[in-house]
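Peer 1: File follows, input.txt with compact mmCIF, N, CA and C atoms:
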# COMPACT_ATOMS: atom_id res chain seq x y z
N MET A 1 8.60 35.42 2.61
CA MET A 1 7.74 34.61 1.77
C MET A 1 7.32 33.36 2.52
N HIS A 2 6.06 32.98 2.42
CA HIS A 2 5.54 31.82 3.13
C HIS A 2 5.88 30.54 2.39
N SER A 3 6.03 29.45 3.15
CA SER A 3 6.29 28.16 2.52
C SER A 3 5.05 27.71 1.75
N SER A 4 5.26 26.87 0.79
CA SER A 4 4.18 26.40 -0.06
C SER A 4 3.20 25.53 0.71
N LYS A 5 1.91 25.79 0.52
CA LYS A 5 0.87 24.98 1.15
C LYS A 5 0.82 23.58 0.54
N ARG A 6 1.41 23.38 -0.62
CA ARG A 6 1.37 22.09 -1.31
C ARG A 6 2.10 21.02 -0.50
N ASN A 7 3.00 21.40 0.39
CA ASN A 7 3.77 20.43 1.15
C ASN A 7 3.26 20.26 2.59
N ASP A 8 2.27 21.05 2.97
CA ASP A 8 1.74 20.95 4.33
C ASP A 8 1.04 19.62 4.53
N LYS A 9 1.31 19.02 5.66
CA LYS A 9 0.67 17.73 5.99
C LYS A 9 -0.76 17.95 6.44
N MET A 10 -1.60 17.00 6.08
CA MET A 10 -2.98 17.00 6.55
C MET A 10 -3.34 15.55 6.83
N TYR A 11 -4.44 15.36 7.48
CA TYR A 11 -4.97 14.03 7.68
C TYR A 11 -5.86 13.70 6.49
N ALA A 12 -5.95 12.44 6.14
CA ALA A 12 -6.83 12.04 5.04
C ALA A 12 -7.45 10.69 5.32
N TRP A 13 -8.73 10.60 5.01
CA TRP A 13 -9.46 9.34 5.02
C TRP A 13 -9.69 8.93 3.58
N LEU A 14 -9.54 7.66 3.27
CA LEU A 14 -9.92 7.10 1.98
C LEU A 14 -10.88 5.96 2.28
N ILE A 15 -12.06 6.03 1.69
CA ILE A 15 -13.10 5.01 1.89
C ILE A 15 -13.53 4.55 0.51
N TYR A 16 -13.66 3.25 0.33
CA TYR A 16 -14.01 2.78 -1.01
C TYR A 16 -15.03 1.66 -0.99
N ASP A 17 -15.69 1.52 -2.13
CA ASP A 17 -16.56 0.39 -2.42
C ASP A 17 -16.26 0.03 -3.87
N ILE A 18 -15.41 -0.96 -4.07
CA ILE A 18 -14.92 -1.33 -5.40
C ILE A 18 -15.20 -2.80 -5.62
N SER A 19 -15.92 -3.12 -6.68
CA SER A 19 -16.36 -4.50 -6.91
C SER A 19 -15.28 -5.39 -7.51
N ASP A 20 -14.43 -4.85 -8.36
CA ASP A 20 -13.42 -5.66 -9.04
C ASP A 20 -12.18 -5.85 -8.16
N ASN A 21 -11.79 -7.10 -7.93
CA ASN A 21 -10.65 -7.39 -7.05
C ASN A 21 -9.37 -6.71 -7.51
N LYS A 22 -9.08 -6.75 -8.81
CA LYS A 22 -7.85 -6.15 -9.33
C LYS A 22 -7.84 -4.64 -9.07
N ASN A 23 -8.95 -3.99 -9.38
CA ASN A 23 -9.04 -2.55 -9.16
C ASN A 23 -8.96 -2.21 -7.67
N ARG A 24 -9.63 -3.01 -6.85
CA ARG A 24 -9.60 -2.78 -5.40
C ARG A 24 -8.16 -2.90 -4.89
N ASN A 25 -7.47 -3.95 -5.30
CA ASN A 25 -6.09 -4.14 -4.85
C ASN A 25 -5.18 -3.01 -5.32
N SER A 26 -5.45 -2.48 -6.51
CA SER A 26 -4.65 -1.35 -7.01
C SER A 26 -4.87 -0.10 -6.17
N VAL A 27 -6.12 0.16 -5.78
CA VAL A 27 -6.40 1.31 -4.93
C VAL A 27 -5.75 1.12 -3.55
N ILE A 28 -5.81 -0.08 -3.02
CA ILE A 28 -5.18 -0.37 -1.73
C ILE A 28 -3.68 -0.08 -1.80
N LYS A 29 -3.03 -0.56 -2.86
CA LYS A 29 -1.58 -0.33 -3.02
C LYS A 29 -1.27 1.16 -3.14
N CYS A 30 -2.10 1.90 -3.89
CA CYS A 30 -1.89 3.34 -4.02
C CYS A 30 -2.00 4.03 -2.67
N ALA A 31 -3.02 3.67 -1.90
CA ALA A 31 -3.21 4.28 -0.58
C ALA A 31 -2.00 4.00 0.31
N GLN A 32 -1.55 2.77 0.31
CA GLN A 32 -0.40 2.40 1.15
C GLN A 32 0.87 3.12 0.69
N LYS A 33 1.08 3.24 -0.62
CA LYS A 33 2.27 3.93 -1.13
C LYS A 33 2.27 5.41 -0.75
N LYS A 34 1.09 5.97 -0.58
CA LYS A 34 0.99 7.38 -0.19
C LYS A 34 1.06 7.56 1.33
N GLY A 35 1.22 6.46 2.07
CA GLY A 35 1.40 6.55 3.51
C GLY A 35 0.14 6.40 4.34
N LEU A 36 -0.96 5.95 3.72
CA LEU A 36 -2.18 5.73 4.48
C LEU A 36 -2.19 4.32 5.04
N TYR A 37 -2.88 4.14 6.16
CA TYR A 37 -2.93 2.86 6.85
C TYR A 37 -4.36 2.35 6.90
N ARG A 38 -4.52 1.07 6.72
CA ARG A 38 -5.84 0.46 6.76
C ARG A 38 -6.34 0.43 8.20
N VAL A 39 -7.57 0.94 8.41
CA VAL A 39 -8.18 0.92 9.74
C VAL A 39 -9.47 0.11 9.76
N GLN A 40 -10.05 -0.13 8.61
CA GLN A 40 -11.18 -1.03 8.42
C GLN A 40 -10.94 -1.70 7.07
N LYS A 41 -11.75 -2.68 6.73
CA LYS A 41 -11.52 -3.39 5.47
C LYS A 41 -11.51 -2.48 4.26
N SER A 42 -12.34 -1.46 4.24
CA SER A 42 -12.36 -0.56 3.08
C SER A 42 -12.14 0.90 3.48
N VAL A 43 -11.37 1.09 4.56
CA VAL A 43 -11.09 2.45 5.07
C VAL A 43 -9.61 2.58 5.38
N PHE A 44 -9.02 3.66 4.87
CA PHE A 44 -7.63 3.99 5.14
C PHE A 44 -7.55 5.37 5.77
N LEU A 45 -6.51 5.60 6.56
CA LEU A 45 -6.31 6.86 7.27
C LEU A 45 -4.82 7.12 7.38
N GLY A 46 -4.45 8.38 7.33
CA GLY A 46 -3.06 8.74 7.55
C GLY A 46 -2.82 10.21 7.32
N THR A 47 -1.55 10.59 7.43
CA THR A 47 -1.16 11.96 7.11
C THR A 47 -0.55 11.95 5.72
N ILE A 48 -0.78 13.04 5.02
CA ILE A 48 -0.37 13.11 3.62
C ILE A 48 -0.21 14.58 3.27
N ASN A 49 0.66 14.91 2.33
CA ASN A 49 0.73 16.30 1.90
C ASN A 49 -0.20 16.50 0.70
N LYS A 50 -0.44 17.74 0.36
CA LYS A 50 -1.40 18.08 -0.70
C LYS A 50 -1.02 17.45 -2.04
N ASN A 51 0.26 17.44 -2.39
CA ASN A 51 0.68 16.85 -3.66
C ASN A 51 0.35 15.36 -3.71
N LYS A 52 0.66 14.64 -2.64
CA LYS A 52 0.38 13.20 -2.59
C LYS A 52 -1.13 12.94 -2.61
N PHE A 53 -1.89 13.80 -1.93
CA PHE A 53 -3.34 13.67 -1.92
C PHE A 53 -3.88 13.81 -3.36
N ASP A 54 -3.39 14.82 -4.08
CA ASP A 54 -3.82 15.03 -5.46
C ASP A 54 -3.42 13.86 -6.35
N GLU A 55 -2.21 13.33 -6.15
CA GLU A 55 -1.76 12.17 -6.91
C GLU A 55 -2.65 10.96 -6.65
N LEU A 56 -2.98 10.74 -5.38
CA LEU A 56 -3.85 9.63 -5.02
C LEU A 56 -5.21 9.76 -5.69
N LYS A 57 -5.76 10.95 -5.69
CA LYS A 57 -7.04 11.21 -6.34
C LYS A 57 -6.97 10.84 -7.82
N MET A 58 -5.94 11.31 -8.52
CA MET A 58 -5.81 11.04 -9.95
C MET A 58 -5.61 9.54 -10.22
N GLU A 59 -4.82 8.89 -9.39
CA GLU A 59 -4.58 7.46 -9.58
C GLU A 59 -5.86 6.66 -9.37
N CYS A 60 -6.63 7.02 -8.36
CA CYS A 60 -7.91 6.32 -8.12
C CYS A 60 -8.88 6.53 -9.28
N GLU A 61 -8.90 7.75 -9.82
CA GLU A 61 -9.76 8.03 -10.97
C GLU A 61 -9.41 7.15 -12.16
N GLU A 62 -8.11 6.89 -12.34
CA GLU A 62 -7.66 6.05 -13.46
C GLU A 62 -7.97 4.57 -13.24
N ILE A 63 -8.02 4.14 -11.99
CA ILE A 63 -8.16 2.72 -11.67
C ILE A 63 -9.61 2.25 -11.67
N ILE A 64 -10.48 3.01 -11.03
CA ILE A 64 -11.83 2.49 -10.77
C ILE A 64 -12.74 2.61 -11.99
N ASP A 65 -13.82 1.85 -11.95
CA ASP A 65 -14.91 1.96 -12.92
C ASP A 65 -15.93 2.91 -12.30
N GLU A 66 -16.00 4.13 -12.81
CA GLU A 66 -16.87 5.14 -12.21
C GLU A 66 -18.35 4.81 -12.34
N GLU A 67 -18.70 3.83 -13.15
CA GLU A 67 -20.10 3.40 -13.29
C GLU A 67 -20.54 2.49 -12.15
N THR A 68 -19.59 1.78 -11.54
CA THR A 68 -19.95 0.80 -10.51
C THR A 68 -19.24 1.00 -9.18
N ASP A 69 -18.14 1.72 -9.14
CA ASP A 69 -17.31 1.84 -7.94
C ASP A 69 -17.39 3.23 -7.34
N SER A 70 -16.96 3.34 -6.10
CA SER A 70 -16.85 4.66 -5.47
C SER A 70 -15.63 4.71 -4.56
N VAL A 71 -15.00 5.87 -4.58
CA VAL A 71 -13.88 6.17 -3.69
C VAL A 71 -14.15 7.55 -3.11
N TYR A 72 -14.07 7.65 -1.79
CA TYR A 72 -14.24 8.93 -1.11
C TYR A 72 -12.89 9.29 -0.48
N LEU A 73 -12.44 10.51 -0.75
CA LEU A 73 -11.22 11.04 -0.14
C LEU A 73 -11.61 12.26 0.69
N PHE A 74 -11.31 12.20 1.98
CA PHE A 74 -11.65 13.29 2.89
C PHE A 74 -10.38 13.88 3.48
N PRO A 75 -9.99 15.09 3.06
CA PRO A 75 -8.86 15.76 3.70
C PRO A 75 -9.35 16.48 4.96
N LEU A 76 -8.54 16.43 6.01
CA LEU A 76 -8.90 17.11 7.25
C LEU A 76 -7.68 17.82 7.83
N CYS A 77 -7.89 19.03 8.32
CA CYS A 77 -6.82 19.70 9.05
C CYS A 77 -6.73 19.05 10.44
N GLU A 78 -5.67 19.35 11.17
CA GLU A 78 -5.48 18.73 12.48
C GLU A 78 -6.63 19.05 13.43
N LYS A 79 -7.09 20.29 13.42
CA LYS A 79 -8.18 20.69 14.31
C LYS A 79 -9.43 19.84 14.04
N ASP A 80 -9.80 19.69 12.76
CA ASP A 80 -10.97 18.89 12.43
C ASP A 80 -10.75 17.42 12.75
N PHE A 81 -9.55 16.92 12.50
CA PHE A 81 -9.27 15.52 12.79
C PHE A 81 -9.41 15.24 14.28
N LYS A 82 -8.94 16.17 15.11
CA LYS A 82 -9.01 15.99 16.56
C LYS A 82 -10.45 15.99 17.07
N SER A 83 -11.39 16.47 16.25
CA SER A 83 -12.79 16.47 16.66
C SER A 83 -13.56 15.26 16.12
N VAL A 84 -12.87 14.33 15.44
CA VAL A 84 -13.51 13.11 14.95
C VAL A 84 -14.04 12.31 16.14
N VAL A 85 -15.23 11.81 16.02
CA VAL A 85 -15.87 11.02 17.07
C VAL A 85 -15.92 9.57 16.61
N THR A 86 -15.47 8.67 17.45
CA THR A 86 -15.60 7.25 17.17
C THR A 86 -16.51 6.64 18.22
N ILE A 87 -17.40 5.78 17.78
CA ILE A 87 -18.38 5.16 18.67
C ILE A 87 -18.27 3.65 18.50
N GLY A 88 -18.21 2.93 19.59
CA GLY A 88 -18.11 1.48 19.51
C GLY A 88 -16.74 1.03 19.03
N GLN A 89 -16.71 -0.04 18.30
CA GLN A 89 -15.45 -0.60 17.79
C GLN A 89 -15.03 0.19 16.55
N ALA A 90 -14.35 1.29 16.77
CA ALA A 90 -14.04 2.23 15.70
C ALA A 90 -13.08 1.65 14.67
N PHE A 91 -12.16 0.80 15.11
CA PHE A 91 -11.15 0.28 14.20
C PHE A 91 -11.08 -1.23 14.32
N ASP A 92 -10.72 -1.87 13.24
CA ASP A 92 -10.50 -3.31 13.24
C ASP A 92 -9.13 -3.54 13.89
N GLU A 93 -9.12 -4.07 15.09
CA GLU A 93 -7.89 -4.24 15.86
C GLU A 93 -6.85 -5.08 15.13
N LYS A 94 -7.27 -5.97 14.26
CA LYS A 94 -6.32 -6.81 13.51
C LYS A 94 -5.61 -6.03 12.41
N LEU A 95 -6.20 -4.91 12.00
CA LEU A 95 -5.67 -4.15 10.87
C LEU A 95 -4.87 -2.92 11.26
N ILE A 96 -5.22 -2.28 12.38
CA ILE A 96 -4.57 -1.00 12.65
C ILE A 96 -3.16 -1.19 13.19
N THR A 97 -2.35 -0.20 12.94
CA THR A 97 -0.95 -0.23 13.35
C THR A 97 -0.74 0.73 14.52
N ASP A 98 0.45 0.65 15.09
CA ASP A 98 0.80 1.58 16.16
C ASP A 98 0.78 3.02 15.65
N THR A 99 1.11 3.22 14.37
CA THR A 99 1.08 4.56 13.79
C THR A 99 -0.32 5.14 13.84
N VAL A 100 -1.32 4.34 13.49
CA VAL A 100 -2.70 4.82 13.53
C VAL A 100 -3.14 5.04 14.97
N LYS A 101 -2.77 4.14 15.85
CA LYS A 101 -3.11 4.33 17.27
C LYS A 101 -2.55 5.63 17.78
N ALA A 102 -1.35 5.99 17.35
CA ALA A 102 -0.71 7.23 17.80
C ALA A 102 -1.48 8.46 17.33
N LEU A 103 -2.18 8.36 16.22
CA LEU A 103 -2.97 9.49 15.73
C LEU A 103 -4.15 9.79 16.64
N PHE A 104 -4.68 8.76 17.30
CA PHE A 104 -5.88 8.91 18.11
C PHE A 104 -5.64 8.94 19.60
N PHE A 105 -4.61 8.27 20.06
CA PHE A 105 -4.46 8.10 21.51
C PHE A 105 -3.26 8.84 22.03
Spell out the structure here as structure tokens.
Peer 2:
Amino acid sequence: MHSSKRNDKMYAWLIYDISDNKNRNSVIKCAQKKGLYRVQKSVFLGTINKNKFDELKMECEEIIDEETDSVYLFPLCEKDFKSVVTIGQAFDEKLITDTVKALFF
């Protein structure tokens, strides 16, 4: 019997545009609790399993105002993540961690 795909790790990007400070801070905390790291002011990246990804999606849906805000969640397998192209100053050097650097370099 194969192991459950629900626990398989994947890469995930979270990108947001949230106008309300309280809601924005709540989404930031959720992303960090799920193991994502800030790479730009409104962009997070990390590895996550399917269950945590689904939880993050539901939590963001509960937090934001869908009339004015947007949150994008992009799951990527390792092969697709390795084909990500960065041009110019891809990451805010003040924000990224060694963990994020290890994903790319």
Peer 1: Compile the contact shell of stretch 66-70 of chain A as a count of residues only: residues with an atom at most 6.5 Å away, counting only N, CA and C atoms, same-chain residues fewer than 2 positions apart removed.
Peer 2: 7
Peer 1: A:Asn21, A:Ser83, A:Ile28, A:Glu59: which is nearest A:Gln40, counting only C-alpha atoms?
Peer 2: A:Ile28
Peer 1: Would you mind reading off the distance between atom N of A:Met10 and atom CA of A:Lys41, one decimal, in Å?
Peer 2: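 Spanning atom N of A:Met10 to atom CA of A:Lys41 is a straight-line distance of 22.7 Å.
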Peer 1: Listing only residues of stretch 20-65 of chain A within 10 Å of stretch 74-81 of chain A, what is the closest atom pair and its distance in Å (to one decimal) for each, using only C-alpha atoms, sorted by chain and residue number ascending, as a Markdown table?
Peer 2:
| residue | atom | partner | partner_atom | distance |
| --- | --- | --- | --- | --- |
| A:Leu45 | CA | A:Phe74 | CA | 9.4 |
| A:Gly46 | CA | A:Pro75 | CA | 9.9 |
| A:Thr47 | CA | A:Pro75 | CA | 9.2 |
| A:Ile48 | CA | A:Pro75 | CA | 8.9 |
| A:Asn49 | CA | A:Pro75 | CA | 9.8 |
| A:Lys50 | CA | A:Pro75 | CA | 9.0 |
| A:Phe53 | CA | A:Pro75 | CA | 8.2 |
Peer 1: Please indicate the distance in Å from atom CA of A:Glu62 to atom N of A:Lys9, rounded to one decimal place.
Peer 2: 24.8 Å
Peer 1: Check the smallest atom-to-atom distance from each of A:Leu14, A:Leu56, A:Val71, A:Val85 to A:Lys34 using all atoms listed in the file, then report the winner.
Peer 2: A:Leu56
Peer 1: So how many Å separate atom CA of A:Asn51 and atom CA of A:Lys22, to one decimal?
Peer 2: 25.2 Å
Peer 1: Using only C-alpha atoms, which residue out of A:Ala12, A:Ile63, A:Arg24, A:Thr86 lies closest to A:Leu36?
Peer 2: A:Ala12
Peer 1: Within stretch 43-80 of chain A, find each residue whose DSSP state, derived from the backbone, is strand (DSSP E), and express the selection as a ChimeraX atom specification.
Peer 2: /A:43-49,70-76
